[in-house]
file query.txt (compact mmCIF, N, CA and C atoms)
# COMPACT_ATOMS: atom_id res chain seq x y z
N MET A 1 -16.24 12.52 -12.61
CA MET A 1 -15.74 12.41 -11.26
C MET A 1 -14.58 13.37 -11.05
N GLY A 2 -14.75 14.29 -10.16
CA GLY A 2 -13.69 15.23 -9.86
C GLY A 2 -13.11 14.97 -8.49
N LYS A 3 -12.14 15.77 -8.17
CA LYS A 3 -11.53 15.65 -6.84
C LYS A 3 -12.38 16.40 -5.83
N PHE A 4 -12.38 15.86 -4.61
CA PHE A 4 -13.04 16.57 -3.53
C PHE A 4 -12.23 16.38 -2.26
N ALA A 5 -12.48 17.22 -1.28
CA ALA A 5 -11.68 17.22 -0.06
C ALA A 5 -12.25 16.26 0.97
N ILE A 6 -11.34 15.53 1.61
CA ILE A 6 -11.71 14.68 2.74
C ILE A 6 -10.76 14.97 3.89
N ASN A 7 -11.18 14.65 5.07
CA ASN A 7 -10.33 14.77 6.25
C ASN A 7 -9.99 13.38 6.75
N ILE A 8 -8.70 13.15 6.97
CA ILE A 8 -8.28 11.88 7.57
C ILE A 8 -7.40 12.19 8.76
N ASN A 9 -7.29 11.22 9.65
CA ASN A 9 -6.45 11.36 10.82
C ASN A 9 -5.39 10.28 10.76
N VAL A 10 -4.13 10.70 10.84
CA VAL A 10 -3.01 9.76 10.87
C VAL A 10 -2.13 10.13 12.05
N ALA A 11 -1.91 9.17 12.93
CA ALA A 11 -1.05 9.36 14.10
C ALA A 11 -1.46 10.57 14.93
N GLY A 12 -2.76 10.77 15.06
CA GLY A 12 -3.26 11.85 15.90
C GLY A 12 -3.30 13.22 15.24
N ARG A 13 -2.95 13.29 13.97
CA ARG A 13 -3.01 14.57 13.26
C ARG A 13 -4.03 14.49 12.15
N ASN A 14 -4.74 15.58 11.96
CA ASN A 14 -5.74 15.64 10.89
C ASN A 14 -5.11 16.19 9.62
N TYR A 15 -5.48 15.59 8.51
CA TYR A 15 -5.00 16.01 7.21
C TYR A 15 -6.19 16.17 6.27
N ARG A 16 -6.16 17.24 5.53
CA ARG A 16 -7.20 17.49 4.52
C ARG A 16 -6.58 17.17 3.17
N LEU A 17 -7.17 16.23 2.48
CA LEU A 17 -6.65 15.78 1.19
C LEU A 17 -7.69 15.95 0.10
N LYS A 18 -7.22 16.20 -1.10
CA LYS A 18 -8.10 16.19 -2.27
C LYS A 18 -7.87 14.88 -2.98
N VAL A 19 -8.95 14.12 -3.13
CA VAL A 19 -8.85 12.80 -3.75
C VAL A 19 -9.97 12.62 -4.77
N GLU A 20 -9.74 11.71 -5.68
CA GLU A 20 -10.79 11.31 -6.61
C GLU A 20 -11.82 10.52 -5.81
N GLU A 21 -13.07 10.64 -6.20
CA GLU A 21 -14.14 9.91 -5.51
C GLU A 21 -13.85 8.41 -5.49
N SER A 22 -13.30 7.90 -6.58
CA SER A 22 -13.03 6.47 -6.69
C SER A 22 -11.90 6.02 -5.77
N GLU A 23 -11.10 6.96 -5.26
CA GLU A 23 -9.98 6.62 -4.40
C GLU A 23 -10.25 6.84 -2.92
N GLU A 24 -11.36 7.47 -2.60
CA GLU A 24 -11.63 7.83 -1.20
C GLU A 24 -11.57 6.62 -0.28
N GLU A 25 -12.22 5.56 -0.66
CA GLU A 25 -12.27 4.36 0.17
C GLU A 25 -10.86 3.83 0.44
N PHE A 26 -10.00 3.86 -0.57
CA PHE A 26 -8.64 3.35 -0.43
C PHE A 26 -7.80 4.25 0.48
N VAL A 27 -7.98 5.56 0.35
CA VAL A 27 -7.24 6.50 1.19
C VAL A 27 -7.65 6.32 2.65
N ARG A 28 -8.94 6.21 2.89
CA ARG A 28 -9.42 6.02 4.26
C ARG A 28 -8.94 4.68 4.84
N ALA A 29 -8.97 3.64 4.02
CA ALA A 29 -8.49 2.32 4.47
C ALA A 29 -6.99 2.37 4.74
N GLY A 30 -6.26 3.10 3.91
CA GLY A 30 -4.81 3.25 4.12
C GLY A 30 -4.51 3.95 5.43
N ALA A 31 -5.22 5.02 5.70
CA ALA A 31 -5.03 5.75 6.96
C ALA A 31 -5.37 4.86 8.15
N ALA A 32 -6.44 4.09 8.02
CA ALA A 32 -6.82 3.17 9.11
C ALA A 32 -5.75 2.12 9.33
N SER A 33 -5.16 1.61 8.25
CA SER A 33 -4.08 0.62 8.37
C SER A 33 -2.86 1.21 9.07
N ILE A 34 -2.53 2.44 8.71
CA ILE A 34 -1.39 3.10 9.36
C ILE A 34 -1.66 3.25 10.85
N ASN A 35 -2.85 3.73 11.19
CA ASN A 35 -3.19 3.92 12.61
C ASN A 35 -3.22 2.60 13.37
N ASP A 36 -3.71 1.54 12.73
CA ASP A 36 -3.72 0.22 13.38
C ASP A 36 -2.30 -0.25 13.67
N LYS A 37 -1.41 -0.11 12.70
CA LYS A 37 -0.02 -0.53 12.88
C LYS A 37 0.68 0.32 13.93
N ILE A 38 0.40 1.61 13.95
CA ILE A 38 0.98 2.48 14.98
C ILE A 38 0.56 1.98 16.35
N GLY A 39 -0.72 1.65 16.50
CA GLY A 39 -1.20 1.12 17.78
C GLY A 39 -0.52 -0.18 18.14
N GLU A 40 -0.36 -1.05 17.15
CA GLU A 40 0.30 -2.33 17.38
C GLU A 40 1.77 -2.14 17.78
N PHE A 41 2.48 -1.31 17.02
CA PHE A 41 3.89 -1.08 17.30
C PHE A 41 4.11 -0.37 18.63
N SER A 42 3.21 0.55 18.98
CA SER A 42 3.39 1.30 20.23
C SER A 42 3.28 0.38 21.44
N GLY A 43 2.54 -0.72 21.29
CA GLY A 43 2.43 -1.68 22.39
C GLY A 43 3.58 -2.68 22.44
N ASN A 44 4.32 -2.80 21.33
CA ASN A 44 5.37 -3.82 21.25
C ASN A 44 6.79 -3.27 21.26
N TYR A 45 6.97 -2.00 20.97
CA TYR A 45 8.31 -1.45 20.85
C TYR A 45 8.46 -0.17 21.66
N ALA A 46 9.70 0.08 22.08
CA ALA A 46 10.00 1.34 22.75
C ALA A 46 10.14 2.43 21.68
N PHE A 47 9.64 3.61 21.97
CA PHE A 47 9.73 4.71 21.02
C PHE A 47 9.76 6.03 21.77
N LYS A 48 10.39 7.03 21.13
CA LYS A 48 10.48 8.35 21.73
C LYS A 48 9.26 9.20 21.40
N ASP A 49 8.83 9.13 20.14
CA ASP A 49 7.66 9.90 19.72
C ASP A 49 7.00 9.21 18.54
N LYS A 50 5.92 9.78 18.08
CA LYS A 50 5.15 9.17 16.99
C LYS A 50 5.94 9.10 15.69
N GLN A 51 6.93 9.96 15.54
CA GLN A 51 7.74 9.91 14.33
C GLN A 51 8.47 8.57 14.23
N ASP A 52 8.94 8.04 15.36
CA ASP A 52 9.58 6.72 15.36
C ASP A 52 8.59 5.65 14.88
N LEU A 53 7.38 5.72 15.39
CA LEU A 53 6.37 4.76 14.99
C LEU A 53 6.01 4.90 13.52
N LEU A 54 5.89 6.14 13.03
CA LEU A 54 5.59 6.37 11.62
C LEU A 54 6.71 5.82 10.74
N ALA A 55 7.95 5.98 11.17
CA ALA A 55 9.07 5.45 10.40
C ALA A 55 9.00 3.92 10.35
N MET A 56 8.71 3.30 11.47
CA MET A 56 8.61 1.84 11.51
C MET A 56 7.47 1.34 10.62
N VAL A 57 6.34 2.01 10.68
CA VAL A 57 5.19 1.63 9.84
C VAL A 57 5.54 1.84 8.37
N SER A 58 6.21 2.94 8.05
CA SER A 58 6.60 3.21 6.66
C SER A 58 7.52 2.13 6.14
N ILE A 59 8.50 1.72 6.94
CA ILE A 59 9.42 0.66 6.53
C ILE A 59 8.65 -0.64 6.30
N MET A 60 7.74 -0.97 7.20
CA MET A 60 6.96 -2.21 7.06
C MET A 60 6.13 -2.19 5.77
N PHE A 61 5.41 -1.08 5.52
CA PHE A 61 4.57 -1.00 4.32
C PHE A 61 5.42 -0.96 3.05
N ALA A 62 6.55 -0.27 3.08
CA ALA A 62 7.43 -0.22 1.91
C ALA A 62 7.99 -1.60 1.59
N THR A 63 8.32 -2.36 2.63
CA THR A 63 8.81 -3.73 2.44
C THR A 63 7.73 -4.60 1.82
N GLU A 64 6.52 -4.51 2.32
CA GLU A 64 5.41 -5.29 1.77
C GLU A 64 5.15 -4.91 0.31
N LEU A 65 5.18 -3.63 0.00
CA LEU A 65 4.96 -3.16 -1.37
C LEU A 65 6.05 -3.69 -2.30
N THR A 66 7.30 -3.66 -1.84
CA THR A 66 8.40 -4.15 -2.65
C THR A 66 8.24 -5.64 -2.94
N LYS A 67 7.85 -6.41 -1.92
CA LYS A 67 7.61 -7.84 -2.11
C LYS A 67 6.51 -8.08 -3.14
N LEU A 68 5.43 -7.32 -3.03
CA LEU A 68 4.32 -7.47 -3.98
C LEU A 68 4.75 -7.13 -5.40
N LYS A 69 5.54 -6.08 -5.56
CA LYS A 69 6.01 -5.70 -6.89
C LYS A 69 6.85 -6.81 -7.50
N ILE A 70 7.76 -7.38 -6.71
CA ILE A 70 8.62 -8.45 -7.22
C ILE A 70 7.79 -9.67 -7.56
N THR A 71 6.84 -10.03 -6.69
CA THR A 71 5.98 -11.17 -6.95
C THR A 71 5.17 -10.97 -8.22
N ASN A 72 4.61 -9.77 -8.38
CA ASN A 72 3.82 -9.47 -9.58
C ASN A 72 4.68 -9.49 -10.84
N GLU A 73 5.91 -8.98 -10.75
CA GLU A 73 6.81 -9.02 -11.90
C GLU A 73 7.11 -10.46 -12.28
N ASP A 74 7.34 -11.32 -11.29
CA ASP A 74 7.59 -12.73 -11.55
C ASP A 74 6.38 -13.37 -12.23
N LYS A 75 5.19 -13.03 -11.76
CA LYS A 75 3.98 -13.59 -12.36
C LYS A 75 3.80 -13.12 -13.80
N VAL A 76 4.16 -11.88 -14.08
CA VAL A 76 4.06 -11.36 -15.44
C VAL A 76 5.02 -12.11 -16.35
N VAL A 77 6.22 -12.36 -15.88
CA VAL A 77 7.21 -13.10 -16.68
C VAL A 77 6.68 -14.50 -16.99
N VAL A 78 6.14 -15.18 -15.99
CA VAL A 78 5.58 -16.52 -16.19
C VAL A 78 4.42 -16.47 -17.18
N ALA A 79 3.56 -15.48 -17.04
CA ALA A 79 2.41 -15.35 -17.94
C ALA A 79 2.87 -15.12 -19.38
N ILE A 80 3.88 -14.28 -19.55
CA ILE A 80 4.41 -14.02 -20.90
C ILE A 80 4.99 -15.30 -21.49
N GLU A 81 5.72 -16.05 -20.68
CA GLU A 81 6.29 -17.31 -21.16
C GLU A 81 5.18 -18.28 -21.58
N LYS A 82 4.13 -18.37 -20.80
CA LYS A 82 3.02 -19.26 -21.13
C LYS A 82 2.32 -18.80 -22.41
N LEU A 83 2.13 -17.50 -22.55
CA LEU A 83 1.50 -16.98 -23.76
C LEU A 83 2.37 -17.25 -24.99
N GLN A 84 3.68 -17.16 -24.84
CA GLN A 84 4.57 -17.47 -25.95
C GLN A 84 4.49 -18.96 -26.32
N GLU A 85 4.37 -19.82 -25.31
CA GLU A 85 4.19 -21.25 -25.56
C GLU A 85 2.89 -21.50 -26.35
N ILE A 86 1.82 -20.86 -25.89
CA ILE A 86 0.52 -21.03 -26.54
C ILE A 86 0.59 -20.50 -27.97
N ASP A 87 1.23 -19.34 -28.16
CA ASP A 87 1.37 -18.77 -29.49
C ASP A 87 2.16 -19.70 -30.39
N SER A 88 3.20 -20.31 -29.86
CA SER A 88 4.02 -21.24 -30.63
C SER A 88 3.22 -22.46 -31.05
N ILE A 89 2.42 -22.97 -30.12
CA ILE A 89 1.59 -24.15 -30.41
C ILE A 89 0.56 -23.79 -31.49
N LEU A 90 -0.07 -22.64 -31.33
CA LEU A 90 -1.10 -22.22 -32.30
C LEU A 90 -0.51 -21.90 -33.67
N SER A 91 0.73 -21.48 -33.72
CA SER A 91 1.38 -21.12 -34.97
C SER A 91 1.78 -22.33 -35.80
N GLU A 92 1.88 -23.49 -35.14
CA GLU A 92 2.30 -24.72 -35.85
C GLU A 92 1.25 -25.23 -36.79

call {"tool": "encode", "arguments": {"input": "query.txt", "output": "structure tokens"}}
result
Amino acid sequence: MGKFAININVAGRNYRLKVEESEEEFVRAGAASINDKIGEFSGNYAFKDKQDLLAMVSIMFATELTKLKITNEDKVVVAIEKLQEIDSILSE
């Protein structure tokens, strides 16, 4: 699987990207999510240009990503603790 070029549209602009075949679906879904949020925000907030909307969408997605990272880190810590408990029980 090599990289190949795809065209996506974000905020009314076309971008040509080289992506792995296995990532194409995710890139297209990501672009669609950005465009959906831009549409949602443009109906709910005052803005001067699309850059304002892109900044708002970026902040929203970065916040969600940060929450997911923290949640996943917490889950990893709990899983490690449980595995240590199991290892302790099995070692007895």

call {"tool": "atom_distance", "arguments": {"input": "query.txt", "atom1": "atom N of Gly39 of chain A", "atom2": "atom N of Gly12 of chain A"}}
result
9.5 Å

call {"tool": "atom_distance", "arguments": {"input": "query.txt", "atom1": "atom C of Glu81 of chain A", "atom2": "atom CA of Thr63 of chain A"}}
result
28.3 Å

call {"tool": "atom_distance", "arguments": {"input": "query.txt", "atom1": "atom N of Ile70 of chain A", "atom2": "atom N of Met56 of chain A"}}
result
21.1 Å

call {"tool": "residues_near_point", "arguments": {"input": "query.txt", "point": "(-15.7, 16.8, -9.2)", "cutoff": "8 Å", "atoms": "only N, CA and C atoms", "output": "PyMOL selection string"}}
result
chain A and resi 1-4+20-21

call {"tool": "residues_near_point", "arguments": {"input": "query.txt", "point": "(-13.4, 17.4, -0.4)", "cutoff": "7 Å", "atoms": "all atoms listed in the file", "output": "CSV table (one decimal) with N, CA and C atoms, in the coordinates of the input"}}
result
chain,number,residue,atom,x,y,z
A,3,LYS,N,-12.1,15.8,-8.2
A,3,LYS,CA,-11.5,15.6,-6.8
A,3,LYS,C,-12.4,16.4,-5.8
A,4,PHE,N,-12.4,15.9,-4.6
A,4,PHE,CA,-13.0,16.6,-3.5
A,4,PHE,C,-12.2,16.4,-2.3
A,5,ALA,N,-12.5,17.2,-1.3
A,5,ALA,CA,-11.7,17.2,-0.1
A,5,ALA,C,-12.2,16.3,1.0
A,6,ILE,N,-11.3,15.5,1.6
A,6,ILE,CA,-11.7,14.7,2.7
A,6,ILE,C,-10.8,15.0,3.9
A,7,ASN,N,-11.2,14.6,5.1
A,7,ASN,CA,-10.3,14.8,6.2
A,7,ASN,C,-10.0,13.4,6.8
A,17,LEU,N,-7.2,16.2,2.5
A,17,LEU,CA,-6.6,15.8,1.2
A,17,LEU,C,-7.7,16.0,0.1
A,18,LYS,N,-7.2,16.2,-1.1
A,18,LYS,CA,-8.1,16.2,-2.3
A,18,LYS,C,-7.9,14.9,-3.0
A,19,VAL,N,-9.0,14.1,-3.1
A,19,VAL,CA,-8.8,12.8,-3.8
A,19,VAL,C,-10.0,12.6,-4.8

call {"tool": "select_by_dssp", "arguments": {"input": "query.txt", "residues": "chain A", "states": "strand (DSSP E)", "output": "list in words"}}
result
Lys3, Phe4, Ala5, Ile6, Asn7, Ile8, Asn9, Val10, Arg13, Asn14, Tyr15, Arg16, Leu17, Lys18, Val19 and Glu20 of chain A

call {"tool": "select_by_dssp", "arguments": {"input": "query.txt", "residues": "segment 3-90 of chain A", "states": "helix (DSSP H, G or I)", "output": "ChimeraX atom specification"}}
result
/A:21-44,50-90

call {"tool": "decode", "arguments": {"input": "query.txt", "residues": "chain A", "atoms": "C-alpha atoms", "output": "PDB file, in the first residue's frame"}}
result
ATOM      1  CA  MET A   1       0.000   0.000   0.000  1.00  0.00           C
ATOM      2  CA  GLY A   2       1.511   3.257  -1.095  1.00  0.00           C
ATOM      3  CA  LYS A   3       0.461   6.831  -0.895  1.00  0.00           C
ATOM      4  CA  PHE A   4      -1.833   8.292  -3.490  1.00  0.00           C
ATOM      5  CA  ALA A   5      -3.355  11.708  -4.095  1.00  0.00           C
ATOM      6  CA  ILE A   6      -6.887  12.649  -3.125  1.00  0.00           C
ATOM      7  CA  ASN A   7      -8.772  15.920  -3.331  1.00  0.00           C
ATOM      8  CA  ILE A   8     -10.725  17.182  -0.353  1.00  0.00           C
ATOM      9  CA  ASN A   9     -12.643  20.367   0.239  1.00  0.00           C
ATOM     10  CA  VAL A  10     -12.407  22.183   3.561  1.00  0.00           C
ATOM     11  CA  ALA A  11     -14.185  25.489   4.158  1.00  0.00           C
ATOM     12  CA  GLY A  12     -14.720  26.018   0.451  1.00  0.00           C
ATOM     13  CA  ARG A  13     -11.106  25.384  -0.551  1.00  0.00           C
ATOM     14  CA  ASN A  14      -9.790  22.350  -2.370  1.00  0.00           C
ATOM     15  CA  TYR A  15      -6.726  20.564  -1.075  1.00  0.00           C
ATOM     16  CA  ARG A  16      -4.742  17.818  -2.754  1.00  0.00           C
ATOM     17  CA  LEU A  17      -3.276  15.433  -0.207  1.00  0.00           C
ATOM     18  CA  LYS A  18      -1.141  12.331  -0.422  1.00  0.00           C
ATOM     19  CA  VAL A  19      -2.470   9.700   1.938  1.00  0.00           C
ATOM     20  CA  GLU A  20      -2.111   6.015   2.593  1.00  0.00           C
ATOM     21  CA  GLU A  21      -4.960   3.991   1.120  1.00  0.00           C
ATOM     22  CA  SER A  22      -5.855   2.801   4.623  1.00  0.00           C
ATOM     23  CA  GLU A  23      -6.247   6.415   5.801  1.00  0.00           C
ATOM     24  CA  GLU A  24      -8.333   7.804   2.947  1.00  0.00           C
ATOM     25  CA  GLU A  25     -11.666   7.087   4.598  1.00  0.00           C
ATOM     26  CA  PHE A  26     -10.539   8.808   7.815  1.00  0.00           C
ATOM     27  CA  VAL A  27      -9.216  11.878   5.998  1.00  0.00           C
ATOM     28  CA  ARG A  28     -12.451  12.259   4.049  1.00  0.00           C
ATOM     29  CA  ALA A  29     -14.533  11.764   7.207  1.00  0.00           C
ATOM     30  CA  GLY A  30     -12.380  14.336   9.007  1.00  0.00           C
ATOM     31  CA  ALA A  31     -12.890  16.894   6.260  1.00  0.00           C
ATOM     32  CA  ALA A  32     -16.637  16.216   6.314  1.00  0.00           C
ATOM     33  CA  SER A  33     -16.692  16.713  10.102  1.00  0.00           C
ATOM     34  CA  ILE A  34     -14.869  20.026   9.770  1.00  0.00           C
ATOM     35  CA  ASN A  35     -17.283  21.218   7.087  1.00  0.00           C
ATOM     36  CA  ASP A  36     -20.295  20.102   9.150  1.00  0.00           C
ATOM     37  CA  LYS A  37     -19.067  22.024  12.200  1.00  0.00           C
ATOM     38  CA  ILE A  38     -18.303  25.092  10.092  1.00  0.00           C
ATOM     39  CA  GLY A  39     -21.886  24.993   8.839  1.00  0.00           C
ATOM     40  CA  GLU A  40     -23.194  24.572  12.364  1.00  0.00           C
ATOM     41  CA  PHE A  41     -21.052  27.369  13.804  1.00  0.00           C
ATOM     42  CA  SER A  42     -21.811  29.755  10.938  1.00  0.00           C
ATOM     43  CA  GLY A  43     -25.502  29.511  11.806  1.00  0.00           C
ATOM     44  CA  ASN A  44     -24.957  30.024  15.532  1.00  0.00           C
ATOM     45  CA  TYR A  45     -22.137  32.551  15.856  1.00  0.00           C
ATOM     46  CA  ALA A  46     -21.127  35.890  14.399  1.00  0.00           C
ATOM     47  CA  PHE A  47     -17.939  35.713  12.335  1.00  0.00           C
ATOM     48  CA  LYS A  48     -15.918  37.921  10.026  1.00  0.00           C
ATOM     49  CA  ASP A  49     -14.593  35.228   7.712  1.00  0.00           C
ATOM     50  CA  LYS A  50     -14.056  31.499   7.423  1.00  0.00           C
ATOM     51  CA  GLN A  51     -10.794  31.757   9.332  1.00  0.00           C
ATOM     52  CA  ASP A  52     -12.807  32.591  12.473  1.00  0.00           C
ATOM     53  CA  LEU A  53     -14.937  29.513  11.914  1.00  0.00           C
ATOM     54  CA  LEU A  54     -11.877  27.335  11.258  1.00  0.00           C
ATOM     55  CA  ALA A  55     -10.323  28.570  14.502  1.00  0.00           C
ATOM     56  CA  MET A  56     -13.492  27.762  16.440  1.00  0.00           C
ATOM     57  CA  VAL A  57     -13.706  24.287  14.893  1.00  0.00           C
ATOM     58  CA  SER A  58     -10.001  23.697  15.600  1.00  0.00           C
ATOM     59  CA  ILE A  59     -10.452  24.640  19.256  1.00  0.00           C
ATOM     60  CA  MET A  60     -13.486  22.357  19.565  1.00  0.00           C
ATOM     61  CA  PHE A  61     -11.709  19.359  17.976  1.00  0.00           C
ATOM     62  CA  ALA A  62      -8.495  19.976  19.956  1.00  0.00           C
ATOM     63  CA  THR A  63     -10.532  20.065  23.174  1.00  0.00           C
ATOM     64  CA  GLU A  64     -12.264  16.798  22.304  1.00  0.00           C
ATOM     65  CA  LEU A  65      -8.934  15.169  21.426  1.00  0.00           C
ATOM     66  CA  THR A  66      -7.391  16.316  24.706  1.00  0.00           C
ATOM     67  CA  LYS A  67     -10.330  14.880  26.664  1.00  0.00           C
ATOM     68  CA  LEU A  68     -10.001  11.559  24.834  1.00  0.00           C
ATOM     69  CA  LYS A  69      -6.267  11.396  25.513  1.00  0.00           C
ATOM     70  CA  ILE A  70      -6.778  12.014  29.229  1.00  0.00           C
ATOM     71  CA  THR A  71      -9.611   9.480  29.396  1.00  0.00           C
ATOM     72  CA  ASN A  72      -7.508   6.879  27.576  1.00  0.00           C
ATOM     73  CA  GLU A  73      -4.525   7.532  29.842  1.00  0.00           C
ATOM     74  CA  ASP A  74      -6.774   7.026  32.883  1.00  0.00           C
ATOM     75  CA  LYS A  75      -8.059   3.769  31.410  1.00  0.00           C
ATOM     76  CA  VAL A  76      -4.511   2.563  30.782  1.00  0.00           C
ATOM     77  CA  VAL A  77      -3.563   3.285  34.398  1.00  0.00           C
ATOM     78  CA  VAL A  78      -6.609   1.348  35.646  1.00  0.00           C
ATOM     79  CA  ALA A  79      -5.826  -1.546  33.290  1.00  0.00           C
ATOM     80  CA  ILE A  80      -2.217  -1.682  34.494  1.00  0.00           C
ATOM     81  CA  GLU A  81      -3.372  -1.695  38.114  1.00  0.00           C
ATOM     82  CA  LYS A  82      -5.798  -4.546  37.390  1.00  0.00           C
ATOM     83  CA  LEU A  83      -3.103  -6.519  35.572  1.00  0.00           C
ATOM     84  CA  GLN A  84      -0.763  -6.043  38.522  1.00  0.00           C
ATOM     85  CA  GLU A  85      -3.499  -7.336  40.848  1.00  0.00           C
ATOM     86  CA  ILE A  86      -4.023 -10.379  38.628  1.00  0.00           C
ATOM     87  CA  ASP A  87      -0.265 -10.965  38.428  1.00  0.00           C
ATOM     88  CA  SER A  88      -0.024 -10.757  42.218  1.00  0.00           C
ATOM     89  CA  ILE A  89      -2.857 -13.250  42.661  1.00  0.00           C
ATOM     90  CA  LEU A  90      -1.337 -15.645  40.126  1.00  0.00           C
ATOM     91  CA  SER A  91       2.111 -15.349  41.712  1.00  0.00           C
ATOM     92  CA  GLU A  92       0.839 -16.526  45.114  1.00  0.00           C
TER      93      GLU A  92
END
